[in-house]
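K.L.:
Provided below: structure.pdb, containing PDB, C-alpha atoms.
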ATOM      1  CA  MET A   1     -41.583   1.234 -16.504  1.00  0.00           C
ATOM      2  CA  GLN A   2     -45.080   0.984 -15.044  1.00  0.00           C
ATOM      3  CA  ASP A   3     -48.452   2.091 -16.401  1.00  0.00           C
ATOM      4  CA  THR A   4     -50.251   4.000 -13.626  1.00  0.00           C
ATOM      5  CA  ASN A   5     -53.650   2.926 -15.007  1.00  0.00           C
ATOM      6  CA  CYS A   6     -52.793  -0.796 -15.162  1.00  0.00           C
ATOM      7  CA  ILE A   7     -54.217  -3.058 -12.444  1.00  0.00           C
ATOM      8  CA  PHE A   8     -51.297  -5.501 -12.712  1.00  0.00           C
ATOM      9  CA  CYS A   9     -48.765  -2.664 -12.415  1.00  0.00           C
ATOM     10  CA  LYS A  10     -50.622  -1.554  -9.290  1.00  0.00           C
ATOM     11  CA  ILE A  11     -50.377  -5.091  -7.906  1.00  0.00           C
ATOM     12  CA  VAL A  12     -46.637  -5.204  -8.696  1.00  0.00           C
ATOM     13  CA  LEU A  13     -46.181  -1.867  -6.905  1.00  0.00           C
ATOM     14  CA  GLY A  14     -48.179  -3.068  -3.869  1.00  0.00           C
ATOM     15  CA  GLN A  15     -50.941  -0.498  -4.423  1.00  0.00           C
ATOM     16  CA  ILE A  16     -53.542  -3.257  -4.802  1.00  0.00           C
ATOM     17  CA  PRO A  17     -53.345  -6.366  -2.625  1.00  0.00           C
ATOM     18  CA  ALA A  18     -52.804  -9.779  -4.157  1.00  0.00           C
ATOM     19  CA  ILE A  19     -52.235 -13.261  -2.823  1.00  0.00           C
ATOM     20  CA  LYS A  20     -48.677 -13.777  -4.042  1.00  0.00           C
ATOM     21  CA  VAL A  21     -47.277 -17.255  -4.571  1.00  0.00           C
ATOM     22  CA  PHE A  22     -43.941 -16.365  -6.229  1.00  0.00           C
ATOM     23  CA  GLU A  23     -41.807 -13.285  -6.738  1.00  0.00           C
ATOM     24  CA  SER A  24     -38.458 -12.583  -8.380  1.00  0.00           C
ATOM     25  CA  ASP A  25     -36.729  -9.427  -9.572  1.00  0.00           C
ATOM     26  CA  THR A  26     -38.577  -9.684 -12.918  1.00  0.00           C
ATOM     27  CA  ALA A  27     -41.822 -11.582 -12.296  1.00  0.00           C
ATOM     28  CA  LEU A  28     -44.721 -11.849  -9.894  1.00  0.00           C
ATOM     29  CA  ALA A  29     -47.177 -14.733  -9.608  1.00  0.00           C
ATOM     30  CA  PHE A  30     -50.426 -14.478  -7.678  1.00  0.00           C
ATOM     31  CA  LEU A  31     -53.795 -16.201  -7.359  1.00  0.00           C
ATOM     32  CA  ASP A  32     -56.351 -14.977  -9.900  1.00  0.00           C
ATOM     33  CA  VAL A  33     -59.220 -13.156  -8.127  1.00  0.00           C
ATOM     34  CA  GLY A  34     -61.656 -14.677 -10.633  1.00  0.00           C
ATOM     35  CA  PRO A  35     -60.302 -18.221 -10.879  1.00  0.00           C
ATOM     36  CA  LEU A  36     -61.480 -20.759 -13.414  1.00  0.00           C
ATOM     37  CA  ALA A  37     -60.337 -23.411 -10.922  1.00  0.00           C
ATOM     38  CA  GLU A  38     -58.928 -23.344  -7.396  1.00  0.00           C
ATOM     39  CA  GLY A  39     -55.226 -22.612  -7.648  1.00  0.00           C
ATOM     40  CA  HIS A  40     -55.558 -20.574 -10.896  1.00  0.00           C
ATOM     41  CA  VAL A  41     -52.395 -18.443 -10.902  1.00  0.00           C
ATOM     42  CA  LEU A  42     -51.328 -15.482 -13.031  1.00  0.00           C
ATOM     43  CA  ILE A  43     -47.680 -14.706 -13.639  1.00  0.00           C
ATOM     44  CA  VAL A  44     -46.770 -11.241 -14.896  1.00  0.00           C
ATOM     45  CA  PRO A  45     -43.548  -9.432 -15.731  1.00  0.00           C
ATOM     46  CA  LYS A  46     -42.909  -6.652 -13.238  1.00  0.00           C
ATOM     47  CA  GLU A  47     -42.319  -4.236 -16.107  1.00  0.00           C
ATOM     48  CA  HIS A  48     -45.352  -3.184 -18.131  1.00  0.00           C
ATOM     49  CA  TYR A  49     -45.668  -4.815 -21.543  1.00  0.00           C
ATOM     50  CA  SER A  50     -49.117  -4.628 -23.110  1.00  0.00           C
ATOM     51  CA  ASP A  51     -48.782  -8.043 -24.777  1.00  0.00           C
ATOM     52  CA  ILE A  52     -46.385 -10.769 -25.915  1.00  0.00           C
ATOM     53  CA  ARG A  53     -45.238  -8.732 -28.929  1.00  0.00           C
ATOM     54  CA  LYS A  54     -43.773  -5.966 -26.742  1.00  0.00           C
ATOM     55  CA  ILE A  55     -41.419  -7.901 -24.459  1.00  0.00           C
ATOM     56  CA  THR A  56     -37.826  -8.701 -25.375  1.00  0.00           C
ATOM     57  CA  PRO A  57     -36.842 -12.363 -25.675  1.00  0.00           C
ATOM     58  CA  GLU A  58     -34.400 -11.918 -22.790  1.00  0.00           C
ATOM     59  CA  GLU A  59     -37.022 -10.437 -20.456  1.00  0.00           C
ATOM     60  CA  LEU A  60     -39.530 -13.112 -21.494  1.00  0.00           C
ATOM     61  CA  ALA A  61     -37.008 -15.826 -20.655  1.00  0.00           C
ATOM     62  CA  LEU A  62     -36.672 -14.409 -17.134  1.00  0.00           C
ATOM     63  CA  VAL A  63     -40.457 -14.358 -16.669  1.00  0.00           C
ATOM     64  CA  MET A  64     -40.720 -17.941 -17.971  1.00  0.00           C
ATOM     65  CA  THR A  65     -37.932 -19.404 -15.824  1.00  0.00           C
ATOM     66  CA  PRO A  66     -40.135 -20.241 -12.787  1.00  0.00           C
ATOM     67  CA  ILE A  67     -43.001 -21.716 -14.858  1.00  0.00           C
ATOM     68  CA  PRO A  68     -42.036 -25.439 -14.627  1.00  0.00           C
ATOM     69  CA  LYS A  69     -41.523 -25.306 -10.859  1.00  0.00           C
ATOM     70  CA  LEU A  70     -44.622 -23.151 -10.361  1.00  0.00           C
ATOM     71  CA  ALA A  71     -46.759 -25.485 -12.507  1.00  0.00           C
ATOM     72  CA  ALA A  72     -45.582 -28.526 -10.552  1.00  0.00           C
ATOM     73  CA  ALA A  73     -46.249 -26.775  -7.216  1.00  0.00           C
ATOM     74  CA  ILE A  74     -49.762 -25.752  -8.284  1.00  0.00           C
ATOM     75  CA  MET A  75     -50.586 -29.279  -9.414  1.00  0.00           C
ATOM     76  CA  ARG A  76     -49.283 -30.842  -6.208  1.00  0.00           C
ATOM     77  CA  ALA A  77     -51.022 -28.266  -3.988  1.00  0.00           C
ATOM     78  CA  THR A  78     -54.387 -28.691  -5.733  1.00  0.00           C
ATOM     79  CA  GLY A  79     -54.166 -32.381  -6.572  1.00  0.00           C
ATOM     80  CA  ALA A  80     -54.726 -31.466 -10.228  1.00  0.00           C
ATOM     81  CA  GLN A  81     -54.345 -34.106 -12.912  1.00  0.00           C
ATOM     82  CA  GLY A  82     -53.299 -31.549 -15.538  1.00  0.00           C
ATOM     83  CA  LEU A  83     -52.720 -27.870 -16.133  1.00  0.00           C
ATOM     84  CA  ASN A  84     -53.522 -25.373 -18.877  1.00  0.00           C
ATOM     85  CA  PHE A  85     -50.833 -22.768 -19.566  1.00  0.00           C
ATOM     86  CA  LEU A  86     -52.469 -19.900 -21.435  1.00  0.00           C
ATOM     87  CA  GLN A  87     -51.599 -16.462 -22.776  1.00  0.00           C
ATOM     88  CA  ASN A  88     -54.046 -14.232 -24.660  1.00  0.00           C
ATOM     89  CA  THR A  89     -52.917 -11.416 -26.958  1.00  0.00           C
ATOM     90  CA  GLY A  90     -55.581  -8.934 -28.032  1.00  0.00           C
ATOM     91  CA  ALA A  91     -59.204  -8.505 -27.035  1.00  0.00           C
ATOM     92  CA  VAL A  92     -60.403 -10.864 -29.767  1.00  0.00           C
ATOM     93  CA  ALA A  93     -58.270 -13.598 -28.155  1.00  0.00           C
ATOM     94  CA  GLY A  94     -59.750 -12.940 -24.715  1.00  0.00           C
ATOM     95  CA  GLN A  95     -57.193 -10.497 -23.298  1.00  0.00           C
ATOM     96  CA  SER A  96     -59.004  -8.236 -20.845  1.00  0.00           C
ATOM     97  CA  VAL A  97     -56.057  -6.811 -18.906  1.00  0.00           C
ATOM     98  CA  PHE A  98     -53.536  -5.272 -21.262  1.00  0.00           C
ATOM     99  CA  HIS A  99     -50.451  -6.166 -19.263  1.00  0.00           C
ATOM    100  CA  LEU A 100     -48.749  -9.334 -20.488  1.00  0.00           C
ATOM    101  CA  HIS A 101     -49.738 -12.240 -18.272  1.00  0.00           C
ATOM    102  CA  PHE A 102     -49.843 -16.006 -18.321  1.00  0.00           C
ATOM    103  CA  HIS A 103     -52.520 -18.204 -16.758  1.00  0.00           C
ATOM    104  CA  LEU A 104     -51.675 -21.457 -15.014  1.00  0.00           C
ATOM    105  CA  ILE A 105     -54.978 -23.253 -14.552  1.00  0.00           C
ATOM    106  CA  PRO A 106     -55.045 -26.569 -12.679  1.00  0.00           C
ATOM    107  CA  ARG A 107     -57.347 -29.133 -14.284  1.00  0.00           C
ATOM    108  CA  ASN A 108     -59.155 -32.293 -13.245  1.00  0.00           C
ATOM    109  CA  ASP A 109     -61.414 -34.697 -15.097  1.00  0.00           C
ATOM    110  CA  SER A 110     -64.457 -33.553 -13.174  1.00  0.00           C
ATOM    111  CA  ASP A 111     -63.825 -29.761 -13.145  1.00  0.00           C
ATOM    112  CA  GLY A 112     -66.584 -29.022 -15.676  1.00  0.00           C
ATOM    113  CA  LEU A 113     -64.423 -26.505 -17.539  1.00  0.00           C
ATOM    114  CA  GLY A 114     -64.322 -28.486 -20.757  1.00  0.00           C
ATOM    115  CA  TYR A 115     -62.021 -27.757 -23.633  1.00  0.00           C
ATOM    116  CA  ARG A 116     -62.778 -26.648 -27.157  1.00  0.00           C
ATOM    117  CA  TRP A 117     -60.382 -27.281 -30.032  1.00  0.00           C
ATOM    118  CA  ASN A 118     -62.221 -26.810 -33.294  1.00  0.00           C
ATOM    119  CA  ALA A 119     -59.431 -27.871 -35.622  1.00  0.00           C
ATOM    120  CA  GLY A 120     -59.759 -27.096 -39.300  1.00  0.00           C
ATOM    121  CA  LYS A 121     -57.819 -27.808 -42.498  1.00  0.00           C
ATOM    122  CA  TYR A 122     -55.948 -25.583 -44.924  1.00  0.00           C
ATOM    123  CA  ALA A 123     -57.161 -25.252 -48.477  1.00  0.00           C
ATOM    124  CA  GLU A 124     -54.778 -26.554 -51.128  1.00  0.00           C
ATOM    125  CA  GLY A 125     -51.677 -24.332 -51.192  1.00  0.00           C
ATOM    126  CA  ARG A 126     -52.767 -22.061 -48.344  1.00  0.00           C
ATOM    127  CA  ALA A 127     -50.296 -23.451 -45.783  1.00  0.00           C
ATOM    128  CA  GLU A 128     -47.412 -22.685 -48.148  1.00  0.00           C
ATOM    129  CA  GLU A 129     -48.745 -19.150 -48.707  1.00  0.00           C
ATOM    130  CA  LEU A 130     -48.886 -18.556 -44.967  1.00  0.00           C
ATOM    131  CA  ARG A 131     -45.418 -20.031 -44.448  1.00  0.00           C
ATOM    132  CA  THR A 132     -44.003 -17.656 -47.054  1.00  0.00           C
ATOM    133  CA  LYS A 133     -45.718 -14.638 -45.488  1.00  0.00           C
ATOM    134  CA  ILE A 134     -44.654 -15.532 -41.939  1.00  0.00           C
ATOM    135  CA  MET A 135     -41.067 -16.117 -42.989  1.00  0.00           C
ATOM    136  CA  ALA A 136     -41.030 -12.776 -44.854  1.00  0.00           C
ATOM    137  CA  GLU A 137     -42.268 -11.028 -41.682  1.00  0.00           C
ATOM    138  CA  LEU A 138     -39.526 -12.722 -39.652  1.00  0.00           C
ATOM    139  CA  ALA A 139     -36.801 -11.557 -42.064  1.00  0.00           C
TER     140      ALA A 139
END
Output the file's structure in the form of structure tokens.

P.N.:
Amino acid sequence: MQDTNCIFCKIVLGQIPAIKVFESDTALAFLDVGPLAEGHVLIVPKEHYSDIRKITPEELALVMTPIPKLAAAIMRATGAQGLNFLQNTGAVAGQSVFHLHFHLIPRNDSDGLGYRWNAGKYAEGRAEELRTKIMAELA
């Protein structure tokens, strides 16, 4: 099912042009129109899912299947030394288009993009509390 107000649904339906690099029955990959680096690709499920929590594991597996080959092709085509594979869920996490999508961003030492990983530490006992809560939610 498509969302008629969703830009990615419109791309999937061919109502908005995109520079496609891969297509299957369940997924579409295309160059990002606002790339962080040359060769920045988005891959989306053809069905509309607002975020990662809405898709079934089976459908997600079909969307993910081309990722290794696509990542390798992007890196070879751009000469990238590495690649970021990114998915944002929710506005606070940076999601701006509310159709599930994954970014494949080629990276090089000199690309100027940087990377921030402000790792922290859990207070005594907090990791166990979170583990218990997460496992209860999974049950």

K.L.:
Please identify all polymer residues within 10 Å of Asp111 in chain A, counting all atoms listed in the file, omitting same-chain residues fewer than 2 positions from it, and present them as a list in words.

P.N.:
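Close residues of Asp111 in chain A: Leu36, Ala37, Glu38, Ala80, Pro106, Arg107, Asn108, Asp109, Leu113 and Gly114 of chain A.
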
K.L.:
Name the residues, using the chain letters and numbers of the file, that sit within 10 Å of (-46.6, -20.9, -10.9) when counting only C-alpha atoms, and give them as a count of residues only.

P.N.:
28

K.L.:
What's the separation between CA of Gly82 in chain A and CA of Trp117 in chain A, in Å to one decimal place?

P.N.:
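Interatomic distance, CA of Gly82 in chain A to CA of Trp117 in chain A: 16.7 Å.
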
K.L.:
Please, what distance in Å, to one decimal, runs between CA of Thr4 in chain A and CA of Asn88 in chain A?

P.N.:
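That distance, rounded to one decimal, is 21.6 Å.
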
K.L.:
Write out as a list in words which residues come within 10 Å of Leu13 in chain A when counting all atoms listed in the file, dropping same-chain ones fewer than 6 positions away.

P.N.:
Gln2, Thr4, Ile7 and Lys46 of chain A

K.L.:
Report the distance between CA of His101 in chain A and CA of Thr78 in chain A in Å, rounded to one decimal place.

P.N.:
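A separation of 21.2 Å between them.
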
K.L.:
Residues picked by the PyMOL selection byres ((chain A and resi 91-96) around 12) here, as a list in words?

P.N.:
Cys6, Ile7, Phe8, Ser50, Asp51, Ile52, Leu86, Gln87, Asn88, Thr89, Gly90, Val97, Phe98, His99, Leu100, His101, Phe102 and His103 of chain A

K.L.:
Would you save the residues of that selection, restricted to C-alpha atoms, as an mmCIF file, keeping the file's coordinate frame?

P.N.:
data_model
loop_
_atom_site.group_PDB
_atom_site.id
_atom_site.type_symbol
_atom_site.label_atom_id
_atom_site.label_comp_id
_atom_site.auth_asym_id
_atom_site.auth_seq_id
_atom_site.Cartn_x
_atom_site.Cartn_y
_atom_site.Cartn_z
ATOM 1 C CA CYS A 6 -52.793 -0.796 -15.162
ATOM 2 C CA ILE A 7 -54.217 -3.058 -12.444
ATOM 3 C CA PHE A 8 -51.297 -5.501 -12.712
ATOM 4 C CA SER A 50 -49.117 -4.628 -23.110
ATOM 5 C CA ASP A 51 -48.782 -8.043 -24.777
ATOM 6 C CA ILE A 52 -46.385 -10.769 -25.915
ATOM 7 C CA LEU A 86 -52.469 -19.900 -21.435
ATOM 8 C CA GLN A 87 -51.599 -16.462 -22.776
ATOM 9 C CA ASN A 88 -54.046 -14.232 -24.660
ATOM 10 C CA THR A 89 -52.917 -11.416 -26.958
ATOM 11 C CA GLY A 90 -55.581 -8.934 -28.032
ATOM 12 C CA VAL A 97 -56.057 -6.811 -18.906
ATOM 13 C CA PHE A 98 -53.536 -5.272 -21.262
ATOM 14 C CA HIS A 99 -50.451 -6.166 -19.263
ATOM 15 C CA LEU A 100 -48.749 -9.334 -20.488
ATOM 16 C CA HIS A 101 -49.738 -12.240 -18.272
ATOM 17 C CA PHE A 102 -49.843 -16.006 -18.321
ATOM 18 C CA HIS A 103 -52.520 -18.204 -16.758
#

K.L.:
Determine, counting all atoms listed in the file, which protein, DNA and RNA residues have an atom within 6 Å of an atom of Ala27 in chain A; residues of the same chain fewer than 5 positions away are not included. Present the result as a PyMOL selection string.

P.N.:
chain A and resi 44-46+63

K.L.:
Using C-alpha atoms, can you write the selected residues to a file as a short mmCIF file (atom, residue, chain, number, x, y, z; two decimals), in the coordinates of the input?

P.N.:
data_model
loop_
_atom_site.label_atom_id
_atom_site.label_comp_id
_atom_site.auth_asym_id
_atom_site.auth_seq_id
_atom_site.Cartn_x
_atom_site.Cartn_y
_atom_site.Cartn_z
CA VAL A 44 -46.77 -11.24 -14.90
CA PRO A 45 -43.55 -9.43 -15.73
CA LYS A 46 -42.91 -6.65 -13.24
CA VAL A 63 -40.46 -14.36 -16.67
#

K.L.:
From the list A:Leu83, A:Thr26, A:Pro17, A:Ile11, which residue is nearest Ala61 in chain A when using all atoms listed in the file?

P.N.:
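Of A:Leu83, A:Thr26, A:Pro17, A:Ile11, the one nearest Ala61 in chain A is A:Thr26, counting all atoms listed in the file.
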
K.L.:
With all atoms listed in the file as the basis for distance, which of A:Thr65, A:Gln81, A:Ser110, A:Thr132 is at the shortest distance from Asp25 in chain A?

P.N.:
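Closest residue, counting all atoms listed in the file: A:Thr65.
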
K.L.:
Have a look at A:Asn84, A:Met135, A:Glu129, A:Ala77 and name the one nearest to Tyr115 in chain A; count all atoms listed in the file.

P.N.:
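Nearest candidate to Tyr115 in chain A out of A:Asn84, A:Met135, A:Glu129, A:Ala77: A:Asn84.
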
K.L.:
Supply range 56-76 of chain A as a PDB file, keeping the file's coordinate frame, with N, CA and C atoms built in where the input has gaps.

P.N.:
ATOM      1  N   THR A  56     -39.025  -8.177 -24.718  1.00  0.00           N
ATOM      2  CA  THR A  56     -37.826  -8.701 -25.375  1.00  0.00           C
ATOM      3  C   THR A  56     -37.700 -10.196 -25.075  1.00  0.00           C
ATOM      4  N   PRO A  57     -37.048 -10.937 -25.955  1.00  0.00           N
ATOM      5  CA  PRO A  57     -36.842 -12.363 -25.675  1.00  0.00           C
ATOM      6  C   PRO A  57     -36.113 -12.603 -24.357  1.00  0.00           C
ATOM      7  N   GLU A  58     -35.166 -11.756 -24.028  1.00  0.00           N
ATOM      8  CA  GLU A  58     -34.400 -11.918 -22.790  1.00  0.00           C
ATOM      9  C   GLU A  58     -35.287 -11.723 -21.559  1.00  0.00           C
ATOM     10  N   GLU A  59     -36.117 -10.687 -21.581  1.00  0.00           N
ATOM     11  CA  GLU A  59     -37.022 -10.437 -20.456  1.00  0.00           C
ATOM     12  C   GLU A  59     -38.060 -11.556 -20.350  1.00  0.00           C
ATOM     13  N   LEU A  60     -38.563 -12.006 -21.492  1.00  0.00           N
ATOM     14  CA  LEU A  60     -39.530 -13.112 -21.494  1.00  0.00           C
ATOM     15  C   LEU A  60     -38.922 -14.368 -20.881  1.00  0.00           C
ATOM     16  N   ALA A  61     -37.675 -14.646 -21.219  1.00  0.00           N
ATOM     17  CA  ALA A  61     -37.008 -15.826 -20.655  1.00  0.00           C
ATOM     18  C   ALA A  61     -36.959 -15.754 -19.131  1.00  0.00           C
ATOM     19  N   LEU A  62     -36.716 -14.567 -18.590  1.00  0.00           N
ATOM     20  CA  LEU A  62     -36.672 -14.409 -17.134  1.00  0.00           C
ATOM     21  C   LEU A  62     -38.046 -14.616 -16.500  1.00  0.00           C
ATOM     22  N   VAL A  63     -39.093 -14.160 -17.179  1.00  0.00           N
ATOM     23  CA  VAL A  63     -40.457 -14.358 -16.669  1.00  0.00           C
ATOM     24  C   VAL A  63     -40.830 -15.840 -16.728  1.00  0.00           C
ATOM     25  N   MET A  64     -40.369 -16.531 -17.766  1.00  0.00           N
ATOM     26  CA  MET A  64     -40.720 -17.941 -17.971  1.00  0.00           C
ATOM     27  C   MET A  64     -39.947 -18.911 -17.074  1.00  0.00           C
ATOM     28  N   THR A  65     -38.799 -18.505 -16.594  1.00  0.00           N
ATOM     29  CA  THR A  65     -37.932 -19.404 -15.824  1.00  0.00           C
ATOM     30  C   THR A  65     -38.652 -20.150 -14.702  1.00  0.00           C
ATOM     31  N   PRO A  66     -39.497 -19.508 -13.896  1.00  0.00           N
ATOM     32  CA  PRO A  66     -40.135 -20.241 -12.787  1.00  0.00           C
ATOM     33  C   PRO A  66     -41.334 -21.098 -13.202  1.00  0.00           C
ATOM     34  N   ILE A  67     -41.770 -21.034 -14.449  1.00  0.00           N
ATOM     35  CA  ILE A  67     -43.001 -21.716 -14.858  1.00  0.00           C
ATOM     36  C   ILE A  67     -42.995 -23.223 -14.557  1.00  0.00           C
ATOM     37  N   PRO A  68     -41.977 -24.003 -14.921  1.00  0.00           N
ATOM     38  CA  PRO A  68     -42.036 -25.439 -14.627  1.00  0.00           C
ATOM     39  C   PRO A  68     -42.209 -25.756 -13.146  1.00  0.00           C
ATOM     40  N   LYS A  69     -41.434 -25.065 -12.311  1.00  0.00           N
ATOM     41  CA  LYS A  69     -41.523 -25.306 -10.859  1.00  0.00           C
ATOM     42  C   LYS A  69     -42.871 -24.834 -10.321  1.00  0.00           C
ATOM     43  N   LEU A  70     -43.339 -23.690 -10.793  1.00  0.00           N
ATOM     44  CA  LEU A  70     -44.622 -23.151 -10.361  1.00  0.00           C
ATOM     45  C   LEU A  70     -45.768 -24.077 -10.779  1.00  0.00           C
ATOM     46  N   ALA A  71     -45.723 -24.564 -12.017  1.00  0.00           N
ATOM     47  CA  ALA A  71     -46.759 -25.485 -12.507  1.00  0.00           C
ATOM     48  C   ALA A  71     -46.806 -26.753 -11.655  1.00  0.00           C
ATOM     49  N   ALA A  72     -45.645 -27.309 -11.370  1.00  0.00           N
ATOM     50  CA  ALA A  72     -45.582 -28.526 -10.552  1.00  0.00           C
ATOM     51  C   ALA A  72     -46.128 -28.263  -9.145  1.00  0.00           C
ATOM     52  N   ALA A  73     -45.779 -27.111  -8.571  1.00  0.00           N
ATOM     53  CA  ALA A  73     -46.249 -26.775  -7.216  1.00  0.00           C
ATOM     54  C   ALA A  73     -47.762 -26.605  -7.193  1.00  0.00           C
ATOM     55  N   ILE A  74     -48.308 -25.943  -8.201  1.00  0.00           N
ATOM     56  CA  ILE A  74     -49.762 -25.752  -8.284  1.00  0.00           C
ATOM     57  C   ILE A  74     -50.469 -27.100  -8.391  1.00  0.00           C
ATOM     58  N   MET A  75     -49.953 -27.963  -9.240  1.00  0.00           N
ATOM     59  CA  MET A  75     -50.586 -29.279  -9.414  1.00  0.00           C
ATOM     60  C   MET A  75     -50.529 -30.103  -8.136  1.00  0.00           C
ATOM     61  N   ARG A  76     -49.395 -30.090  -7.468  1.00  0.00           N
ATOM     62  CA  ARG A  76     -49.283 -30.842  -6.208  1.00  0.00           C
ATOM     63  C   ARG A  76     -50.211 -30.257  -5.148  1.00  0.00           C
TER      64      ARG A  76
END
